[in-house]
Every structure is written in C-alpha cells, then in structure tokens.
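> Next up is a structure, given as structure tokens.
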Amino acid sequence: MKQQLLLCCLFLAAAMGTVRGQTVRSLAEERGIYFGAAVTFPANPAVYETTLAREFNGLVCENAMKFGNIMTGPTTFSYSEADAIVNFGVSHGMYVRGHTFIWHKQNPTWFMNLNVSRDSAFKIMEQYITSVMTHFRGKIKEWDIVNEAVARDSSGMRLGSGYADESQNSKWAALTDAANHDFDYIDSAFTYARRADSSVLLFYNDYNTEGMGKKADRAYDIVAHLKSLDLVDGVGLQCHFHLSTDSVAGPNGSWSPSELAANLERLAALGLIISFTEVDIRIPNAHTPMTAEDSALLIQQRDEYYTLMKLFLAQPKCRSFFVWGINDAQSWIPDFFDGYGSCLLFSNTAGTNGQFERKTCYYGVLDALSDATGILGNARENYVKMIPATKAANRSFDLLGRTVKDIPFHPRIIVVKPGGAVNEIHP
Ligand code: XIL
C-alpha cells in the first residue's frame, strides 16, 4: 500500500514536472504561434535577456521604433536602440513585429512643428516609411503601419485638431487635411509600405476595438476597406484590459470574452490575420501586505489571461500574442492608469535561481497553452465556484465546443499567514 502510494506520488510529480518544466515559449512553438513581448532593455539587461530568450519566441520594440525615436530630423535616422532589440530577436530565433509608423503620439518635435502642404506631408511619409522598412528588410515580419486612427471617444475618425486634450489631435490628419479627403493618409501609408517591402505583413492596430461596439465597428470598416484594396494583411488588437466585470465591452479596457470571440470571427471572415499586440490585464494596486481581496484579484487575473489565450487559440487566424513588457517595473500602466498595475507575467527582481519569477497570471497563459487538465480531481468544481454567478453568465460562450463549466481550471494554493497576509504558491 505504501509502495503504491509512493508510486502514485512519483507519477503525479512527474506529470506536474512535465508541465512545469515547459515554458510558454516551448508551448507556443509546439502550437505554431508567436508569443512575444514588448522590449526596452534595462541598464543591466542580463536577467531580462535570459527571461526574454527563454520564455518568448517573439518581440517588438516598446518605443525604439516610433517616429520620434527613429527619425531625429527630416533626413536623419537613429537606429541603434531599435537595431539592438531587433538583432537580439533575430539571433534568438524570434518573430519580430514592427511598431509603429503613423500615430498621433511620440512624433519628433521637428515634425510636430511642421507647417507644410498636403503633398509635402505625403512625401515625408513616403520617405519615412520607405527608409525604415528598407533598413529592417528581412528582419521584421509584420508591421503596424497605422496605429489608433479611430478617435478615443469613438465618435469617428481621429481628427487633426479640436480635441480639448491636445495630445489626441493627429498631426498626420492635420497636414493631409484628412477630414476633407476621406482619411486617405491611411491608404497612402499602407501603399508606401507595400511598395517598400512586399514581403512584410501589414497591420492596422488599435485599442478598445477588441469587442463589438462603435469603436470596433470603425476599426472593422478601416480594415475591410484596406483589404478590398489588398493593402492590409492583418489587424492588431492591443488588448490593454482590466478585469472583466461587464457583460459588454466598454471604454478604457473593460472586455467581454464573448464579444471578443464574435469580433475575431468577423475579422477572420475578412481573411485577415489577427494579432493580440499589446496584452496586459491590470488590477488595482495591492495593499501592503496583501489581503485576501488582492489574492482574489490575482486569481481572477490568472483566469482572464487563461481565457484570453484560449480565445486566441480557438481562432485559427490568430498568430501573434504579444504582452506589453516582461515585468511590472517596465510596464506603462502605472504611469497612465492611476492606481493600477501588476499587469504582466514576471516579477520585477530575480528570485533565488537568478531569474525573474513567474507570477500567478503566467500560469494562466501556460495552462491555456498546455491545456493541462485533471491534475487534481476537483479542478472543475473549483473553477465553477470561483466565478461569481454574474460572471459565469458572461462566459456562456463555448471555447472548445463545451459549456463554460467544462473549462479546466488549474488550481493554485493560497496560504493565509497569521495576521491576514496572503502568500500564493504555484503548484
Ligand atoms: C507606450 C509605452 O509602453 C510607453 O513606454 C510610452 O511612454 C507610451 O507608449 N498603445 C501603443 C503603444 O500603441 O505604443 C503604447 O506604448 C501603449 C498604448
């Protein structure tokens, strides 16, 4: 009996070891998808680089390839930072995305101060896109040509002026008098890109366009139009989310799995490749020390990373799933969404093994990719109990031909210390 128990334990340990020995990179490669991260190398990149190469088979420059970073003057370019990141990716067998050409933000000062004719603006655009694409020829496989052309409030396309918040105005829209020319700067940007390198996949990328609704409809119209001209190959959904609490997708990152699934369906029907380009799922800043409430949020966050990856895997047109950074110290979220953070997969400092540690939400992604089920017999029960009734109703969609109750949940252990502090232990 003792021997049987020992064998059983050994078997269980081996089974779990197989799953835990894997990385998201190895599982992504088995599934033929690209799991990437936005990269900005820190001052001391050793640990960062090890995690990047071990866990990801894709990367994108977080900022280094933006207009303001790369085009220092009307005829001068600065490639060193972007080159370092792209070359790291190429030498580590990673799929490299390009981000981004035509955007209302992070433009160089010389450009923002320009007051030139429509024709001259198009010439600048052509020279910019052609030079940069030529420089990275052969290294970058898919590229965000236009970013965030739909207005934030979803009332229509982003204009050249008139927003109370000036940073919302688009200089490209202003210079090309976009409102009076059917926003043809978008078609032009894609045309220049196609001409510059016909082997690269061209993407339109936006946020709050993941679910259904007005803003997503606008983005859909843009890509449907571009596709009819054979100017676009894919659509990027940024996926800067907070925990899903609504049954419908709302502004500012609330998301609805069923709406996302429906939107993926209609975008795929256009014949487009779909990439999740900037994934992060933010939660309110934790208390110090953490409370049970924080711990519940971490569990929900892992569950949502799991669901997001499952939705991605269930749609054959989805190819790249990129998170917007490796760890929270790098993340843009605390600077842009007051009171929120903890949205990425790895710890900020190295653990005892000298590596960044995998956070709870990392296992949501890992489990979705490995589809590990049944390690503990009551996993399904735990999963069902974990979803509040209102949320369960949201999840009546069917990921793999099953009902919501059959979605496997990989349980983790929570230890509440005396005094109420909570520790999580990953199985
Ligand atoms: C963010 C970067 O992460 C920050 O470091 C920078 O200060 C601002 O831009 N949508 C995009 C990304 O397309 O380029 C943005 O990246 C985040 C929102």
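Numbering starts fresh at 1 for the residues of each chain in the structure tokens, the chains themselves are lettered A, B, ... in the order given, and ligands are numbered from 1 as they appear.
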Within 8 Å of Asn263 (chain A), counting only C-alpha atoms, which residues show up once you throw out same-chain ones fewer than 6 positions away? Write them as a list in words, please.
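The neighbour list is Glu210, Gly211 and Met212 of chain A.
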> Next, write the just-selected residues to a file, as a compact mmCIF listing (two decimals), in the first residue's frame, keeping N, CA and C atoms as the atom set.

# COMPACT_ATOMS: atom_id res chain seq x y z
N GLU A 210 -11.45 45.61 -29.43
CA GLU A 210 -11.38 44.15 -29.32
C GLU A 210 -12.77 43.52 -29.28
N GLY A 211 -13.70 44.21 -28.61
CA GLY A 211 -15.05 43.66 -28.51
C GLY A 211 -15.91 44.18 -29.65
N MET A 212 -17.22 44.13 -29.49
CA MET A 212 -18.10 44.70 -30.50
C MET A 212 -18.41 46.13 -30.06
> Which residues sit within 10 Å of ligand 1, counting only C-alpha atoms and all ligand atoms, listed as a ChimeraX atom specification?
/A:38-40,61-66,99-100,103,105-106,144,146-148,205-207,236-240,277-279,324-325,330-333,335-336
> Please produce an output containing C-alpha atoms for each residue in the selection, written as a tab-separated table (two decimals), in the first residue's frame.

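Result written to selection-v1.tsv:
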chain	number	residue	atom	x	y	z
A	38	ALA	CA	7.48	44.49	-25.96
A	39	VAL	CA	11.12	45.18	-25.22
A	40	THR	CA	13.04	48.06	-23.70
A	61	CYS	CA	10.30	47.43	-29.66
A	62	GLU	CA	8.25	49.10	-26.95
A	63	ASN	CA	9.36	52.60	-28.03
A	64	ALA	CA	12.61	52.38	-30.02
A	65	MET	CA	10.95	52.16	-33.42
A	66	LYS	CA	8.48	55.01	-33.00
A	99	HIS	CA	5.69	49.09	-34.16
A	100	THR	CA	4.68	51.66	-35.41
A	103	TRP	CA	0.41	57.52	-34.99
A	105	LYS	CA	1.73	60.19	-30.41
A	106	GLN	CA	5.51	60.07	-29.88
A	144	ASP	CA	1.83	48.15	-37.52
A	146	VAL	CA	-1.21	52.85	-38.79
A	147	ASN	CA	-1.92	52.97	-35.06
A	148	GLU	CA	-5.04	54.28	-33.30
A	205	ASN	CA	-3.52	48.36	-34.84
A	206	ASP	CA	-5.92	49.90	-32.29
A	207	TYR	CA	-7.28	49.72	-28.72
A	236	GLY	CA	-3.78	44.20	-34.31
A	237	LEU	CA	-5.94	44.25	-31.19
A	238	GLN	CA	-3.94	45.90	-28.42
A	239	CYS	CA	-5.78	44.24	-25.50
A	240	HIS	CA	-4.91	46.66	-22.69
A	277	THR	CA	-0.37	43.09	-29.95
A	278	GLU	CA	-0.03	44.71	-26.51
A	279	VAL	CA	-1.67	42.48	-23.94
A	324	TRP	CA	3.35	44.73	-23.44
A	325	GLY	CA	6.51	44.09	-21.40
A	330	GLN	CA	8.75	48.04	-17.10
A	331	SER	CA	5.01	48.47	-17.63
A	332	TRP	CA	3.47	51.73	-18.86
A	333	ILE	CA	0.26	51.07	-16.88
A	335	ASP	CA	2.02	55.96	-15.38
A	336	PHE	CA	-1.13	56.02	-17.48
> With only C-alpha atoms as the atoms that count, which of A:Ile33, A:Ala164, A:Met309, A:Ala82 lies nearest to Val132 (chain A)?
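Among the listed residues, A:Ala82 lies closest to Val132 (chain A).
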> Please identify all polymer residues within 9 Å of Thr176 (chain A), counting only C-alpha atoms, omitting same-chain residues fewer than 3 positions from it, and present them as a PDB file with C-alpha atoms, in the first residue's frame.

ATOM      1  CA  SER A 117       1.385  71.365 -47.864  1.00  0.00           C
ATOM      2  CA  ARG A 118      -0.577  68.129 -48.157  1.00  0.00           C
ATOM      3  CA  ASP A 119       1.764  66.981 -50.934  1.00  0.00           C
ATOM      4  CA  ALA A 121       3.342  65.747 -45.954  1.00  0.00           C
ATOM      5  CA  PHE A 122       2.843  62.691 -48.166  1.00  0.00           C
ATOM      6  CA  GLY A 160      -6.234  66.916 -36.893  1.00  0.00           C
ATOM      7  CA  LYS A 171      -0.631  65.810 -36.908  1.00  0.00           C
ATOM      8  CA  TRP A 172      -0.830  63.426 -39.868  1.00  0.00           C
ATOM      9  CA  ALA A 173      -4.592  64.043 -40.120  1.00  0.00           C
ATOM     10  CA  ALA A 179     -11.404  65.079 -42.864  1.00  0.00           C
ATOM     11  CA  ASN A 180     -11.843  66.505 -46.359  1.00  0.00           C
ATOM     12  CA  HIS A 181     -10.072  63.654 -48.129  1.00  0.00           C
ATOM     13  CA  PHE A 183      -8.729  59.953 -44.435  1.00  0.00           C
ATOM     14  CA  ASP A 184      -6.647  58.933 -47.425  1.00  0.00           C
ATOM     15  CA  TYR A 185      -3.448  59.267 -45.383  1.00  0.00           C
TER      16      TYR A 185
END
> Name the residues of region 76-153 of chain A that come out as strand (DSSP E) in a backbone DSSP run; write them as a list in words.
Thr76, Phe77, Tyr95, Val96, Arg97, Gly98, His99, Thr100, Phe101, Ile102, Glu142, Trp143, Asp144, Ile145, Val146 and Asn147 of chain A
> Quick one: of A:Ala216, A:Ala189, A:Ala37, A:Ala151, who's nearest to Leu231 (chain A), counting only C-alpha atoms?
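Of all the options, A:Ala189 lies closest to Leu231 (chain A).
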> Write out as a PyMOL selection string the residues lying within 12 Å of Tyr34 (chain A), counting only C-alpha atoms and excluding same-chain residues fewer than 4 positions away.
chain A and resi 24-30+55-60+93-97+141-142+274-277+309+312-313+318-323+369
> Have a look at A:Val150, A:Ile326, A:Ile283, A:Ala46 and name the one nearest to Lys215 (chain A); count only C-alpha atoms.
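Smallest distance to Lys215 (chain A) is found for A:Val150.
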> Using Å and a single decimal, report how far CA of Asp371 (chain A) sits from CA of Gly351 (chain A).
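Computed distance, CA of Gly351 (chain A) to CA of Asp371 (chain A), equals 26.7 Å.
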> Can you tell me how far CA of Met112 (chain A) sits from CA of Tyr192 (chain A), in Å to one decimal?
21.1 Å
> If DSSP is run on the backbone, what residues of region 31-129 of chain A are helix (DSSP H, G or I)? A reply as a VMD selection string would be ideal.
chain A and resid 31 46 to 55 67 to 70 80 to 91 109 to 112 118 to 129
> Only N, CA and C atoms, please: the residues just picked out, written as a compact mmCIF listing (two decimals), in the first residue's frame.

# COMPACT_ATOMS: atom_id res chain seq x y z
N ARG A 31 2.66 24.86 -30.69
CA ARG A 31 1.35 25.21 -31.28
C ARG A 31 1.46 26.07 -32.53
N ALA A 46 21.11 41.62 -18.08
CA ALA A 46 21.42 40.19 -18.05
C ALA A 46 20.20 39.31 -17.73
N VAL A 47 19.54 39.57 -16.61
CA VAL A 47 18.41 38.73 -16.20
C VAL A 47 17.26 38.89 -17.20
N TYR A 48 17.05 40.12 -17.60
CA TYR A 48 15.99 40.46 -18.55
C TYR A 48 16.17 39.64 -19.84
N GLU A 49 17.39 39.63 -20.35
CA GLU A 49 17.64 38.92 -21.62
C GLU A 49 17.43 37.41 -21.48
N THR A 50 17.81 36.88 -20.33
CA THR A 50 17.64 35.43 -20.13
C THR A 50 16.17 35.07 -20.15
N THR A 51 15.37 35.85 -19.43
CA THR A 51 13.92 35.57 -19.39
C THR A 51 13.32 35.74 -20.78
N LEU A 52 13.71 36.81 -21.45
CA LEU A 52 13.18 37.09 -22.78
C LEU A 52 13.44 35.92 -23.74
N ALA A 53 14.67 35.45 -23.77
CA ALA A 53 15.03 34.39 -24.72
C ALA A 53 14.41 33.05 -24.32
N ARG A 54 14.25 32.84 -23.01
CA ARG A 54 13.72 31.54 -22.57
C ARG A 54 12.21 31.45 -22.75
N GLU A 55 11.51 32.56 -22.50
CA GLU A 55 10.05 32.48 -22.41
C GLU A 55 9.30 32.98 -23.65
N PHE A 67 8.30 56.95 -34.43
CA PHE A 67 8.75 58.05 -35.29
C PHE A 67 9.72 58.98 -34.53
N GLY A 68 9.31 59.38 -33.34
CA GLY A 68 10.12 60.32 -32.56
C GLY A 68 11.45 59.74 -32.13
N ASN A 69 11.51 58.43 -31.98
CA ASN A 69 12.77 57.80 -31.55
C ASN A 69 13.71 57.58 -32.73
N ILE A 70 13.10 57.32 -33.90
CA ILE A 70 13.92 56.82 -35.01
C ILE A 70 14.30 57.92 -36.00
N SER A 80 20.18 52.85 -33.57
CA SER A 80 20.97 51.96 -32.71
C SER A 80 20.12 51.19 -31.68
N GLU A 81 19.20 51.87 -31.02
CA GLU A 81 18.41 51.17 -29.99
C GLU A 81 17.50 50.11 -30.63
N ALA A 82 16.85 50.49 -31.71
CA ALA A 82 15.96 49.54 -32.39
C ALA A 82 16.77 48.36 -32.95
N ASP A 83 17.95 48.66 -33.51
CA ASP A 83 18.80 47.58 -34.05
C ASP A 83 19.16 46.57 -32.97
N ALA A 84 19.52 47.08 -31.79
CA ALA A 84 19.94 46.17 -30.71
C ALA A 84 18.81 45.21 -30.36
N ILE A 85 17.58 45.73 -30.32
CA ILE A 85 16.43 44.89 -29.95
C ILE A 85 16.09 43.91 -31.08
N VAL A 86 16.02 44.43 -32.28
CA VAL A 86 15.67 43.58 -33.43
C VAL A 86 16.73 42.48 -33.62
N ASN A 87 18.00 42.87 -33.52
CA ASN A 87 19.07 41.87 -33.72
C ASN A 87 19.07 40.81 -32.62
N PHE A 88 18.71 41.22 -31.41
CA PHE A 88 18.58 40.23 -30.33
C PHE A 88 17.50 39.21 -30.73
N GLY A 89 16.39 39.72 -31.22
CA GLY A 89 15.30 38.84 -31.63
C GLY A 89 15.72 37.89 -32.74
N VAL A 90 16.35 38.44 -33.75
CA VAL A 90 16.75 37.61 -34.90
C VAL A 90 17.74 36.54 -34.43
N SER A 91 18.72 36.93 -33.62
CA SER A 91 19.74 35.96 -33.23
C SER A 91 19.20 34.93 -32.23
N THR A 109 9.80 66.34 -32.61
CA THR A 109 9.44 67.76 -32.50
C THR A 109 9.50 68.46 -33.85
N TRP A 110 10.52 68.14 -34.66
CA TRP A 110 10.63 68.82 -35.97
C TRP A 110 9.37 68.59 -36.80
N PHE A 111 8.78 67.40 -36.65
CA PHE A 111 7.57 67.07 -37.40
C PHE A 111 6.35 67.80 -36.83
N MET A 112 6.26 67.81 -35.52
CA MET A 112 5.11 68.46 -34.87
C MET A 112 5.09 69.97 -35.17
N ARG A 118 -0.14 69.52 -48.14
CA ARG A 118 -0.58 68.13 -48.16
C ARG A 118 0.43 67.27 -48.95
N ASP A 119 0.82 67.74 -50.10
CA ASP A 119 1.76 66.98 -50.93
C ASP A 119 3.08 66.74 -50.21
N SER A 120 3.59 67.79 -49.59
CA SER A 120 4.86 67.63 -48.87
C SER A 120 4.70 66.63 -47.73
N ALA A 121 3.56 66.68 -47.07
CA ALA A 121 3.34 65.75 -45.95
C ALA A 121 3.40 64.30 -46.46
N PHE A 122 2.80 64.06 -47.62
CA PHE A 122 2.84 62.69 -48.17
C PHE A 122 4.27 62.29 -48.55
N LYS A 123 5.04 63.26 -49.04
CA LYS A 123 6.44 62.95 -49.40
C LYS A 123 7.23 62.54 -48.16
N ILE A 124 6.99 63.29 -47.07
CA ILE A 124 7.69 62.97 -45.81
C ILE A 124 7.29 61.56 -45.36
N MET A 125 5.99 61.30 -45.44
CA MET A 125 5.50 59.98 -45.02
C MET A 125 6.15 58.87 -45.85
N GLU A 126 6.22 59.08 -47.15
CA GLU A 126 6.79 58.05 -48.02
C GLU A 126 8.27 57.81 -47.72
N GLN A 127 8.99 58.90 -47.53
CA GLN A 127 10.41 58.77 -47.27
C GLN A 127 10.65 58.05 -45.94
N TYR A 128 9.87 58.44 -44.96
CA TYR A 128 9.98 57.85 -43.62
C TYR A 128 9.71 56.34 -43.67
N ILE A 129 8.58 55.95 -44.24
CA ILE A 129 8.20 54.54 -44.27
C ILE A 129 9.19 53.73 -45.12
> Check the smallest atom-to-atom distance from each of A:Asp280, A:Ala174, A:Ser370, A:Ser188 to Phe346 (chain A) using only C-alpha atoms, then report the winner.
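Of all the options, A:Asp280 lies closest to Phe346 (chain A).
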